[in-house]
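Participant: First the structure, then my questions, so here it is.
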Amino acid sequence: MFRTPLRGVALASLLALASAPLAAVEPFAADYGANYMGMQADGRMTLAPAGDNRWKYSLDVSGAGARLSQSTVFEVEGDRWRPVSGNDSQGGENGLAAMLVKKRSVNATYDWSSGQATWEGDVKPDRRGPVKLQPGDVDGMLMNLALVRDFKAGKPLNYRLVEDGRVRRQVFKPAGTENITVAGKSHKATKVTWKDEDRSITAWIVDDLPVPARILQQRDGRDHIDLTLKSVR
């Protein structure tokens with residue numbers, strides 16, 4: 001991944017883009033510097049065609065003996081993207097990483113013909129589903145990609161997230177602007193954020209970049225993963 005009325009410049013900017021068309025899906029590879037649970041790491045985010053009007057969106061983070069890999073395969077139907085399958089795995093190989101990062105792998109299936117999502121792998125029995133799907137549903141990875149697209153098109157940043165056997169509504173709102181440097185060039189980024197009682201996601205979006213310039217996820221007030229874009233092509 002991107003309740004409160006929008007005000008001032010942020011509102012004017014969104015209204016100006018209200019009729020903008022959604023951008024076409026295009027492949028990219030983006031490299032990030034990462035801080036994962038206090039450990040320095042490198043991250044790579046990619047989007048590549050997967051055939052039959054489908055795309056694979058992946059994030060891989062590794063360093064200090066820890067690894068995190070997330071991916072989603074989604075299909076494009078007009079202006080709508082919908083998840084088909086997903087994988088979320090992590091683990092610590094040795095030392096501190098092994099203590100901080102518990103090994104885990106979960107596979108998700110979004111079966112639109114039956115209208116149900118299910119999960120298998122390292123997941124509790126009550127989180128295996130099925131969960132009933134609705135048009136517009138996303139998983140966590142796809143929400144991150146849709147957030148950039150929807151912000152640029154002036155669309156509501158309002159998502160029904162279907163993940164880990166649960167359904168959650170996540171609504172992002174603007175949180176000001178900030179200059180951020182990518183590949184030695186300064187960009188003006190708009191911050192958008194979502195939070196609940198114990199977690200938050202903040203993304204920094206730049207108009208001419210296909211991915212967030214920065215993504216910060218926090219849990220219980222502490223940084224869980226912080227990705228800062230270094231380059232994209």
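We label chains A, B, ... in the order they appear in the structure tokens, count residues from 1 in each chain, and number ligands from 1 in the order shown.
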Could you pull out the residues in segment 12-221 of chain A that DSSP calls helix (DSSP H, G or I) from the backbone, as a PyMOL selection string?
Facilitator: chain A and resi 12-16+95-100+125-127+140-152
Participant: Which segment 143-188 of chain A residues have any atom within 12 Å of an atom of segment 64-79 of chain A, and for each, what is the nearest pair of atoms with distance in Å to one decimal, counting only C-alpha atoms, rows sorted by chain and number, as CSV?
Facilitator:
```
residue,atom,partner,partner_atom,distance
A:Met143,CA,A:Thr72,CA,10.3
A:Asn144,CA,A:Thr72,CA,11.0
A:Leu145,CA,A:Thr72,CA,10.5
A:Ala146,CA,A:Asp79,CA,10.8
A:Arg149,CA,A:Asp79,CA,10.6
A:Asp150,CA,A:Asp79,CA,10.6
A:Ala153,CA,A:Asp79,CA,11.4
A:Lys155,CA,A:Asp79,CA,11.7
A:Glu163,CA,A:Thr72,CA,11.4
```
Participant: Using only C-alpha atoms, which of A:Asp139, A:Asp122, A:Asp220, A:Asp226 sits nearest Val162 of chain A?
Facilitator: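 That would be A:Asp139, the residue with the smallest distance to Val162 of chain A.
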Participant: Based on the backbone DSSP call, show me all residues of segment 33-207 of chain A assigned strand (DSSP E or B), as a PyMOL selection string.
Facilitator: chain A and resi 33-36+39-51+54-63+66-77+80-92+104-111+116-121+131-132+138+158-163+166-171+173-182+185-195+199-205
Participant: In Å to one decimal, how far is atom CA of Trp204 of chain A from atom CA of Thr181 of chain A?
Facilitator: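 The value is 11.3 Å.
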Participant: Output as a tab-separated table one row per residue of segment 55-120 of chain A within 12 Å of segment 165-169 of chain A: the closest atom pair and its distance in Å to one decimal place, counting only C-alpha atoms, sorted by chain and residue number ascending.
Facilitator:
```
residue	atom	partner	partner_atom	distance
A:Val106	CA	A:Gly165	CA	10.8
A:Asn107	CA	A:Gly165	CA	11.1
A:Ala108	CA	A:Gly165	CA	9.1
A:Thr109	CA	A:Gly165	CA	10.8
A:Tyr110	CA	A:Gly165	CA	11.3
A:Gln116	CA	A:Gly165	CA	10.7
A:Ala117	CA	A:Gly165	CA	7.9
A:Thr118	CA	A:Gly165	CA	7.0
A:Trp119	CA	A:Gly165	CA	6.8
A:Glu120	CA	A:Gly165	CA	9.8
```
Participant: Residues as selected, C-alpha atoms, written as a short mmCIF file (atom, residue, chain, number, x, y, z; two decimals), in the first residue's frame, can you do that?
Facilitator:
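The result, written out as out-v1.cif:
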```cif
data_model
loop_
_atom_site.label_atom_id
_atom_site.label_comp_id
_atom_site.auth_asym_id
_atom_site.auth_seq_id
_atom_site.Cartn_x
_atom_site.Cartn_y
_atom_site.Cartn_z
CA VAL A 106 2.03 -17.87 3.18
CA ASN A 107 0.42 -18.36 -0.23
CA ALA A 108 -2.84 -16.66 -1.19
CA THR A 109 -5.30 -17.58 -3.94
CA TYR A 110 -7.96 -15.15 -5.17
CA GLN A 116 -13.46 -16.49 -2.69
CA ALA A 117 -9.94 -15.96 -1.33
CA THR A 118 -8.04 -18.65 0.57
CA TRP A 119 -4.62 -18.94 2.26
CA GLU A 120 -2.23 -21.81 2.95
#
```
Participant: Taking only residues of segment 197-227 of chain A that have an atom at most 9 Å from an atom of segment 38-61 of chain A, what is each one's shortest atom pair and its distance in Å to one decimal, using only C-alpha atoms, in chain and number order, as a Markdown table?
Facilitator:
```
| residue | atom | partner | partner_atom | distance |
| --- | --- | --- | --- | --- |
| A:Val211 | CA | A:Met45 | CA | 8.7 |
| A:Asp223 | CA | A:Gly38 | CA | 7.7 |
| A:His224 | CA | A:Gly38 | CA | 7.6 |
| A:Ile225 | CA | A:Gly38 | CA | 8.1 |
| A:Leu227 | CA | A:Gly43 | CA | 7.4 |
```
Participant: Output C-alpha atoms for every residue in that selection, as a PDB file, in the first residue's frame.
Facilitator:
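Produced file again_26.pdb, reproduced below:
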```pdb
ATOM      1  CA  VAL A 211       6.624   3.781  -7.307  1.00  0.00           C
ATOM      2  CA  ASP A 223       9.641   1.297  12.514  1.00  0.00           C
ATOM      3  CA  HIS A 224       9.047  -2.150  11.008  1.00  0.00           C
ATOM      4  CA  ILE A 225      10.309  -1.508   7.483  1.00  0.00           C
ATOM      5  CA  LEU A 227      12.228   1.712   2.128  1.00  0.00           C
TER       6      LEU A 227
END
```
Participant: Of the candidates A:Asn87, A:Ser113, A:Ser200, A:Ser186, which shows the shortest atom-to-atom distance to Leu229 of chain A, using only C-alpha atoms?
Facilitator: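 With only C-alpha atoms as the atom set, the closest residue is A:Ser186.
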Participant: When you count only C-alpha atoms, which of these residues is closest to Trp81 of chain A: A:Asp208, A:Asp164, A:Asp196, A:Asp137?
Facilitator: A:Asp137
Participant: For atom CA of Trp194 of chain A and atom CA of Pro125 of chain A, quote the distance in Å rounded to one decimal.
Facilitator: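 About the pair atom CA of Trp194 of chain A and atom CA of Pro125 of chain A: they are 28.2 Å apart.
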